[in-house]
Every structure is written in structure tokens, then in C-alpha cells.
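Below: one structure, written as C-alpha cells.
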There are 2 protein chains.
Amino acid sequence: MEHVKNYLEANKDRFLDELFGLIRIPSISSLSEHKPDMLRAAEYWKEAILKAGADKAEVIPSNGNPVVYGEKMIDPKLPTVLVYGHYDVMPVDPIELWDSPPFEPEIRDGKIFARGADDDKGQAFMHAKAFELMVQTQSLPCNVKFMVEGEEEIGSPNLKQWCLDHKEMLHADIILVSDTSMIAQDIPSITTGLRGLAFMEVEVTGPNRDLHSGIFGGAVANPANVLAKMIAQLQDEKGRITIPGFYDDVLEISPEERAEMAKAPFNLEQYKKALDIDEVHGEDGFSSSERTGIRPSLDVNGIWGGYTGEGAKTVLPSKAHAKISMRLVPNQDHKKIARLFEDHFKAIAPPYVKVKVQELHGGQGYVSPITMTAYQAAELAYTDTFGKKPVPVRSGGSIPIISTFEEVLGIKSILMGFGLESDAIHSPNENYPVFNFYKGIETIVHFYQHFTNLSK
Amino acid sequence: MEHVKNYLEANKDRFLDELFGLIRIPSISSLSEHKPDMLRAAEYWKEAILKAGADKAEVIPSNGNPVVYGEKMIDPKLPTVLVYGHYDVMPVDPIELWDSPPFEPEIRDGKIFARGADDDKGQAFMHAKAFELMVQTQSLPCNVKFMVEGEEEIGSPNLKQWCLDHKEMLHADIILVSDTSMIAQDIPSITTGLRGLAFMEVEVTGPNRDLHSGIFGGAVANPANVLAKMIAQLQDEKGRITIPGFYDDVLEISPEERAEMAKAPFNLEQYKKALDIDEVHGEDGFSSSERTGIRPSLDVNGIWGGYTGEGAKTVLPSKAHAKISMRLVPNQDHKKIARLFEDHFKAIAPPYVKVKVQELHGGQGYVSPITMTAYQAAELAYTDTFGKKPVPVRSGGSIPIISTFEEVLGIKSILMGFGLESDAIHSPNENYPVFNFYKGIETIVHFYQHFTNLSK
């Protein structure tokens with residue numbers, strides 16, 4: 001496929017420039033002041049799809065941020081690939097840890113540094129450019145649809161309804177997604193499993209106002225101390241989550257399958273060194289890969305209460321808060337887990353505080369069987385472009401909407417992610433190697449060809 | 001003493017106006033951007049003392065914010081009262097909970113609402129006005145000195161050295177302080193004991209950057225979860241602090257003395273209702289008054305880590321922090337306790353995190369014997385103006401500098417505080433009843449008279 005390389009080479013600078021234009025729009029979905037940026041990012045995508053060669057593209061309203069839809073139907077008898085991506089990004093705090101402004105993309109050491117460079121502007125935009133390449137070189141082998149949403153980072157709260165409302169329009173044979181990572185630039189991999197997510201916020205209230213910690217300290221329960229104690233109780237000494245019923249639906253993986261998974265390359269010393277930690281920590285009896293791949297987890301994503309400014313303030317706070325999320329394995333139901341969490345958190349609250357529990361968002365886990373046509377086509381595509389067969393891996397991350405697609409549209413997804421763990425998504429200095437951007441475009445083009453051939 | 005009431009009546013509006021002028025200066029000592037306000041507040045005090053009739057008053061530099069000093073020496077053979085107060089105030093967060101701007105004093109329901117209305121602008125300013133009253137009515141019975149500092153709310157880190165440098169100048173028979181509270185407007189009380197304070201800040205570091213909680217959650221220790229667990233371990237199920245050696249120097253109070261203290265009025269139902277809590281909580285085996293009066297305590301004054309903004313961010317934070325203070329009883333040494341805390345906190349840190357411990361400030365506890373002349377003079381003064389004998393009480397609060405005065409200057413303090421628990425000091429909507437302001441001025445004038453008489 002010489003035309004692929006040639007077109008890429010001839011247009012590579014423009015491809016990056018166009019991606020940078022998208023990145024410069026600070027489309028942070030969780031902060032309401034960025035509402036206008038969401039629309040700008042959606043319009044940018046619409047124009048990009050149209051210019052690439054779509055028959056039509058539009059920004060379609062949802063109950064939240066709008067969804068960009070576009071399509072090129074060349075023959076109804078040919079297979080249809082529905083590309084899914086998102087134009088929204090995570091917040092940038094703590095901003096002071098960024099080495100360059102998060103919305104001014106900059107290339108250093110062969111990597112694009114910016115919020116969204118990988119997740120998911122860089123990865124999703126590869127599809128716009130792969131599509132352009134195929135259209136412009138007259139090599140598009142099948143029908144293509146695009147669905148690019150603006151609420152993935154807040155749990156896609158409105159996309160399910162939007163899919164229900166546009167079910168006919170979205171008809172396709174496979175959903176193609178680049179929003180995951182691969183093991184290394186020389187070890188391609190395909191994500192075959194995702195964890196589900198139950199994201200909660202809790203509030204613990206003690207006295208009705210902030211008190212002087214001298215005058216009241218010791219006599220009135222401090223909600224920050226109580227919250228700490230309640231969080232501590234959520235996990236036992238073996239790293240297991242103590243919520244009653246939490247593990248009921250967790251499928252145990254057979255020793256044989258665990259042995260197979262253990263063959264994936266993993267260097268514990270390198271892992272610890274990269275994170276600058278002396279020891280890893282997790283559930284007893286499981287390896288690090290298993291702890292994120294096949295086991296659920298519970299993390300405090302944020303905690304706050306009392307005086308957190310410079311210096312000392314001897315306050316006994318009225319309230320303390322935490323954002324707590326649980327990553328779930330595919331057979332766990334996030335709604336059930338959220339309910340179990342709420343019941344348990346209220347049950348362990350001592351009588352001297354009041355507790356509020358709120359579910360911020362959630363999503364089910366997902367498994368992508370390696371026997372499906374799209375997986376086999378992807379395997380061939382990576383083999384073409386990377387020179388080796390990709391490894392199937394279960395990721396610890398969640399893309400809650402993927403299981404919703406299966407439920408609502410009845411379509412499976414193939415997760416061709418080209419990110420790296422070192423891309424620092426959701427963190428300061430998020431980045432995406434330029435190599436992966438171009439390699440991804442190339443691999444995607446190969447996928448379309450193989451998928452069309454294997455579907456015949 | 002008819003002249004006292006007459007002068008008060010004739011000048012009461014001006015007294016409030018002058019206090020409001022002081023309150024309007026946002027002299028928050030813990031926030032460095034308020035440095036210029038510290039100087040303005042000090043100058044305001046200097047002018048107030050001079051106008052009231054001092055022989056001299058000046059703003060004297062210290063290694064931190066300056067100290068206002070003033071004096072009127074009428075006869076070296078007469079006793080000398082050294083008035084201590086502070087012109088700095090606490091921060092105002094959370095600002096959204098204030099019903100009126102914190103630095104625009106407003107009278108509602110007979111109370112002055114503003115940051116510093118009580119602590120310590122309102123209370124300290126009573127002394128300026130009592131002094132003016134005595135000078136202007138030719139009734140000042142003894143010598144007076146003023147020392148008004150600007151770093152009390154951050155633990156008076158530079159006043160000890162300043163006192164050492166000005167020891168001769170500060171020579172006096174008693175230090176007179178209004179920076180505590182009394183039981184109620186119809187139950188006057190004098191604070192005879194103060195708790196000490198060890199104020200610490202801790203930082204727990206896990207991975208070297210914020211991580212994606214899906215990709216790493218369950219495999220890498222989360223410093224916010226670890227911090228919660230460590231804080232939970234600092235107190236046991238009986239509400240006792242678990243730091244080894246922590247109680248070694250706590251003096252046990254005899255059953256007889258506890259029985260005597262139990263006679264002070266305390267209504268548990270009212271206390272709970274005022275704070276809107278269903279139950280109180282503290283160390284087993286002690287009453288609420290004992291828990292703050294004669295027992296040490298440990299409180300989280302602030303906790304923060306991860307994403308604390310609007311919505312959800314699935315981050316596994318790199319760091320989590322807490323400000324933790326311990327209130328100490330008089331025989332405990334704050335430096336020793338800070339060391340014990342640091343050793344223990346580091347000892348309980350699991351190997352998968354790194355821990356930093358810093359002492360922000362500290363101070364010793366203090367006991368004011370009820371047998372001293374100044375106590376007896378104060379007792380007579382309250383009896384004159386309130387019509388009943390004041391109750392001696394041990395406060396849970398700390399004024400670390402009081403024990404330093406005794407150590408450095410060899411002078412005892414008498415704590416004539418006119419605040420109320422409902423004044424919400426250090427909290428939103430701090431207030432000070434106008435009644436207490438005027439009644440305090442009157443009582444202070446009576447104190448000077450009795451103290452001079454009893455000292456003869």
C-alpha cells in the first residue's frame with residue numbers, strides 16, 4: 001500500500017497543524033464555563049470531516065453537548081464502520097505542574113505536549129485523516145460513519161438517549177475506537193476488555209458551621225477525621241474492598257487464563273522506577289497487571305475539607321468531602337455497585353455526623369472477543385504496519401459508553417488504541433508521540449482494507 | 001463609678017465608629033498578600049493609643065509583623081498593667097458562607113458582624129477605650145502599657161524574641177488580655193486555663209505524578225486513601241490519641257476537682273442543638289467540658305488532595321495533604337509532642353508512600369491561679385458590673401504566647417475575655433455583641449481600680 005505512505009509523507013505537516021487547531025480549543029466538559037468551547041470543538045470536527053470527503057456532516061444537539069455526525073456511504077452492500085471518538089477533554093489542574101501551557105500544543109522530544117494530545121483529540125483525529133487519505137487516494141473500501149461526542153470525560157450522560165434517538169442513522173457493522181493505549185511502540189496491543197466505573201461523591205457534615213478547634217476540639221466530632229476513618233474502612237488489610245456484596249458478581253479467572261495473561265511483557269522494576277515508588281500496593285494474591293486488568297479497585301480521586309490555604313488556621317470544619325470511584329470488572333453492574341456503596345457508606349457513618357452520597361456517573365465494563373472479524377482484521381493491520389502480531393490485553397480504564405453501544409445499538413466495538421502509558425492522560429504534561437499519530441493513521445487504513453475483505 | 005457610665009453613654013457611637021475603622025483593615029496574617037494591611041492596622045492602633053492619652057506610642061519592628069507599643073506612666077511606685085492584644089485576624093474562607101462582607105462591619109440583632117469583631121479587634125479595642133475613659137475622666141489609678149501584635153493567628157512566631165529584646169520596657173505587674181470568651185451574657189466567667197497547641201502539616205506522596213485511576217487504580221497505592229488510613233489510625237475507638245508517649249505528661253485531675261468543675265453550667269441538649277448535631281463525640285470517660293478543658297485533642301484542620309473541582313475527574317493523585325493540630329493540656333510540652341507526632345506519623349507510613357511532616361507552630365498551655373491578686377481584682381470587677389461572681393473556667397483554646405510571657409518576662413496574665421461561644425470566631429459570620437463591647441469596657445475600668453487597691 002505505497003499510496004498510504006506517500007500521501008502521509010506529502011501531508012504530514014498539515015495533519016499536525018489541523019490537529020493543533022483542535023487541541024487549542026479548551027473543550028473541558030466538566031467545567032461549565034467552557035460551554036462555548038464545546039460548540040467550537042464540535043464545529044471544528046464537522047468541518048474536518050466534510051473537508052476530508054464526507055457526503056455530509058452535522059452538529060446534532062443532544063441533551064448535553066452536541067454530537068458531531070458525518071458519513072460517506074459508497075455502497076449499502078459493503079460493510080459500514082462507525083468511528084467513535086470524543087472532542088471533550090479533562091481539566092488541567094494542577095496547572096502549575098505543566099511544563100508548557102496545556103492548550104498550546106508543543107512538540108518536544110518527538111511528542112506533542114497538550115491536554116487532549118492523546119485523549120482523545122490526537123487519537124480520534126487520526127480517523128479523520130485516515131478517512132481523508134482513503135477518499136483522496138480513491139481507496140476507501142467500505143462505508144464510513146463518524147460519531148464524535150463532547151461528554152466522554154464526564155461519563156457520556158446523554159449519549160445513550162442520543163443513540164436511541166438516532167439508532168437507524170447509526171446502523172453499522174463495527175464501532176471503531178481509538179481511546180486506549182498499547183504496550184509500547186514496538187509491542188502493539190489491542191484492548192479486549194475495559195473496566196466499568198461507579199463514581200461517587202460523599203459529604204460528611206459535623207457541626208452546622210466551622211468551629212474553633214480549641215474551644216470545641218475533642219468534644220465535637222470533626223467531619224474530616226470521621227471521613228478519613230470511613231474511607232479507611234472501605235478497604236481491608238488485604239487490599240480488598242469491604243462493601244458487603246461488592247465481589248458477588250466478579251468472575252474468577254481460571255489459573256490457565258491467568259497464566260496466559262501473565263505472558264504479556266511487564267517489568268515491575270521499570271514500572272516502579274517510572275512512577276518513583278518503592279513498592280506497588282494492591283489486592284493480595286494478584287499481580288500488578290491483574291490488579292488493573294481483572295480485579296476491581298477503589299480510589300479517592302479527590303478529598304477536601306477545612307482550611308487548605310497557606311499557613312495555619314485552627315478550624316474544626318463543618319464539612320468534609322471526597323470523590324471516590326470504583327473500577328469494576330465486566331460482570332459487575334455499576335448501578336448495583338453504586339447502591340451497595342451508598343448503603344454501606346451510610347451504614348458505617350457514626351451517629352455524630354450526617355452523610356450525603358451522590359452518584360456522579362457510571363458505566364459497565366466491556367469485553368471484546370478475539371474471535372470476531374474486526375479483531376482479526378485489526379490483528380492483520382497491526383501486523384502489516386508494526387511487523388508483529390498485537391497482544392490482546394485487558395485495560396484497567398473505563399469507556400462506559402462502549403458497553404452502552406452494545407446494549408442500545410447492538411454493535412460491538414474494536415478498540416484500536418495507539419496511546420502509551422507514558423502519555424500521562426488526565427495528568428499534567430499529557431503527550432502523544434508524533435510516531436504513534438502517523439503509525440495510527442497508517443494502521444487504521446490497513447484495518448479498513450482487511451475488515452472489508454474478511455467481511456465478504 | 002457614675003463617671004464611667006456617663007462617659008460611655010456620651011461616646012458610645014464614636015467608640016463603635018473607631019472600632020469599625022480598625023475592622024475595615026483586612027489584616028489577615030496568614031496570607032502574604034495582606035502585608036500592607038498589617039502595617040495599616042498597626043498604625044491605626046498607634047494613633048488610637050496616642051489619642052486616648054498615652055505618653056507615647058510607636059510601631060516597633062519585629063522579625064515579622066511589627067508590634068504596637070504604648071505607655072502612660074503616672075507614678076513608678078504604682079502598679080503597672082500591661083495590656084496585650086493582637087491586630088491580626090484569621091482568613092475568611094469559606095467566603096460564600098458570610099451573610100455580609102467580612103471586612104464591612106454591620107450591626108444586626110445587636111451584634112457586630114465582621115472578621116475580627118470579637119477576635120481580637122473588638123476585644124482588644126475595649127482596652128484602648130477603657131484607657132481613654134480613665135485618662136479623660138482623670139481616674140486612671142496606675143500605670144498602663146500596651147503591646148499589640150500582628151501574628152497571634154499564626155502562632156506569634158516572632159513575639160518571644162521581641163519580648164526578649166524589649167524586656168525592660170515591658171516590665172509590669174500583670175498582663176491583661178481579652179481574647180477568650182465567657183459562658184453567657186448573664187454568667188460571667190474568667191478563663192483560668194488554656195490548652196497548648198502543636199500544629200502540624202503532613203504530605204503523603206505516592207506516584208511522581210497524577211495518574212489515570214483506571215489504568216493504575218488497584219495496582220499503585222493512592223496517597224489520598226493512605227492519608228485517610230493514617231489519620232484514622234491516630235485515634236482509637238475510645239477517642240484516645242494513639243501516638244506513643246502522647247499522654248505521658250498529662251496530669252490526671254482528682255475526682256474532687258472534676259466534681260467542682262462539673263458545677264459550671266452546661267446544657268448538653270442546647271449545645272447539640274446550637275451545633276445541629278445528634279450526638280457529641282470525644283474521649284471515653286470524660287464530659288464535654290472536660291474534653292476541651294482538661295484533655296488533649298487531635299483535629300484535622302484541613303485536608304486536600306486530587307481533583308476537588310466541579311464534576312468528575314478519574315485521577316489517582318500524586319499527593320495528599322493535611323493540616324493536623326493537637327490541643328495540649330498545660331503540663332504537655334508542645335515541642336516534645338510535635339516530635340512524637342512526627343516520629344509516629346513516619347513510623348506508620350506504609351512503604352509504598354513517602355511522607356513529609358512539618359511543624360507549623362506551637363505553644364504551651366497555661367494555668368492562671370485563682371489565688372493571685374489580679375484574679376481577685378477581676379472577680380470584684382465582674383461582680384460590680386454583672387452583679388454576680390464570675391465562674392473560673394478552663395478553656396479549650398490556646399493563646400500560645402501567654403505561657404511564653406511567663407517564661408520570658410516572668411509576668412502572669414489575667415484573661416478577662418468577654419466573647420461568647422456564639423461569636424463564631426475563626427468562622428464565617430464572626431460577631432460580637434455590642435452589649436459585651438460596652439460591658440467589657442466598664443468591667444476593665446473597674447478592674448484597674450480594684451487591682452490598684454488590692455496591690456497596695
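Each chain in the C-alpha cells gets a letter, A, B and so on, in the order shown; residues start at 1 in every chain, and ligands are counted from 1 in the order they appear.
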
Where in region 137-204 of chain B does DSSP assign strand (DSSP E), given as a count of residues only?
-> 26

If you count only C-alpha atoms, which residues fall within 6 Å of region 276-281 of chain B, apart from same-chain ones fewer than 6 positions away, as a PyMOL selection string?
-> chain A and resi 207-208+219-221+352

Closest of B:Tyr307, B:Phe20, B:Phe125, B:Trp98 to chain A - atom-to-atom distances counting only C-alpha atoms = B:Tyr307

For Leu316 (chain A): contacts at 6 Å, only C-alpha atoms, fewer than 5 positions along chain excluded, given as a PyMOL selection string | (chain A and resi 210-213) or (chain B and resi 301)

Got a sec: who's within 10 Å of Phe103 (chain A), counting only C-alpha atoms, leaving out chain neighbours fewer than 3 positions off, as a list in words?
-> Phe20, Gly21, Leu22, Ile23, Arg24, Ile25, Pro26, Ser27, Val92, Ser100, Glu106, Phe113, Ala114, Arg115, Gly116 and Ala117 of chain A

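Counting only C-alpha atoms, Ala322 (chain B) has the following residues at most 6 Å away, ignoring those fewer than 2 positions along the same chain: B:Glu201, B:Val202, B:Gly302, B:Ile303.
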
Please dump the current selection as an mmCIF file, in the first residue's frame; keep C-alpha atoms.
data_model
loop_
_atom_site.group_PDB
_atom_site.id
_atom_site.type_symbol
_atom_site.label_atom_id
_atom_site.label_comp_id
_atom_site.auth_asym_id
_atom_site.auth_seq_id
_atom_site.Cartn_x
_atom_site.Cartn_y
_atom_site.Cartn_z
ATOM 1 C CA GLU B 201 1.245 19.774 58.234
ATOM 2 C CA VAL B 202 1.723 16.430 56.533
ATOM 3 C CA GLY B 302 -7.662 20.902 56.645
ATOM 4 C CA ILE B 303 -7.321 18.051 54.186
#

Tell me which of B:Val357, B:Ala320, B:Ile348, B:Met1 sits closest to chain A, counting only C-alpha atoms.
->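 Closest residue, counting only C-alpha atoms: B:Ala320.
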
What does the distance between CA of Pro157 (chain A) and CA of Ile49 (chain A) come to in Å, to one decimal place?
-> 24.4 Å

Tell me which of A:Thr242, A:Gln136, A:Ser427, A:Thr404 sits closest to Ser318 (chain B), counting only C-alpha atoms.
-> A:Ser427

What lies within 8 Å of Glu442 (chain B) using only C-alpha atoms, ignoring chain neighbours under 2 positions off, as a list in words?
-> Val4, Lys5, Ala130, Thr385, Tyr438, Lys439, Gly440, Ile444, Val445 and His446 of chain B

Please identify all polymer residues within 8 Å of Val204 (chain A), counting only C-alpha atoms, omitting same-chain residues fewer than 3 positions from it, and present them as a count of residues only.
-> 11

Can you tell me how far CA of Lys229 (chain A) sits from CA of Asp299 (chain B), in Å to one decimal?
-> 12.6 Å

Write out as number ranges by chain all residues of region 288-317 of chain B that DSSP puts in alpha helix (DSSP H) for this structure's backbone.
-> B: 288-293

Resulting file, chosen residues, N, CA and C atoms, as a compact mmCIF listing (two decimals), in the first residue's frame:
# COMPACT_ATOMS: atom_id res chain seq x y z
N SER B 288 -18.21 16.67 78.10
CA SER B 288 -17.84 17.59 77.02
C SER B 288 -16.93 18.71 77.53
N SER B 289 -17.25 19.27 78.71
CA SER B 289 -16.41 20.36 79.24
C SER B 289 -15.01 19.84 79.57
N GLU B 290 -14.94 18.63 80.09
CA GLU B 290 -13.63 18.06 80.41
C GLU B 290 -12.82 17.76 79.14
N ARG B 291 -13.54 17.33 78.12
CA ARG B 291 -12.85 17.00 76.86
C ARG B 291 -12.13 18.21 76.27
N THR B 292 -12.66 19.41 76.48
CA THR B 292 -11.96 20.60 75.97
C THR B 292 -11.14 21.28 77.07
N GLY B 293 -11.52 21.07 78.34
CA GLY B 293 -10.86 21.81 79.42
C GLY B 293 -9.62 21.15 79.95

Counting only C-alpha atoms, figure out which residue out of A:Ser29, A:Gln376, A:Asn436, A:Gln161 gets nearest to chain B.
->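 Among A:Ser29, A:Gln376, A:Asn436, A:Gln161, it is A:Ser29 that comes nearest to chain B.
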
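One finds CA of Ile402 (chain B) at 16.1 Å from CA of Lys335 (chain B).
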
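Nearest to chain A of all the residues B:Gly217, B:Pro400, B:Gly410, B:Gly419 is B:Gly217, based on only C-alpha atoms.
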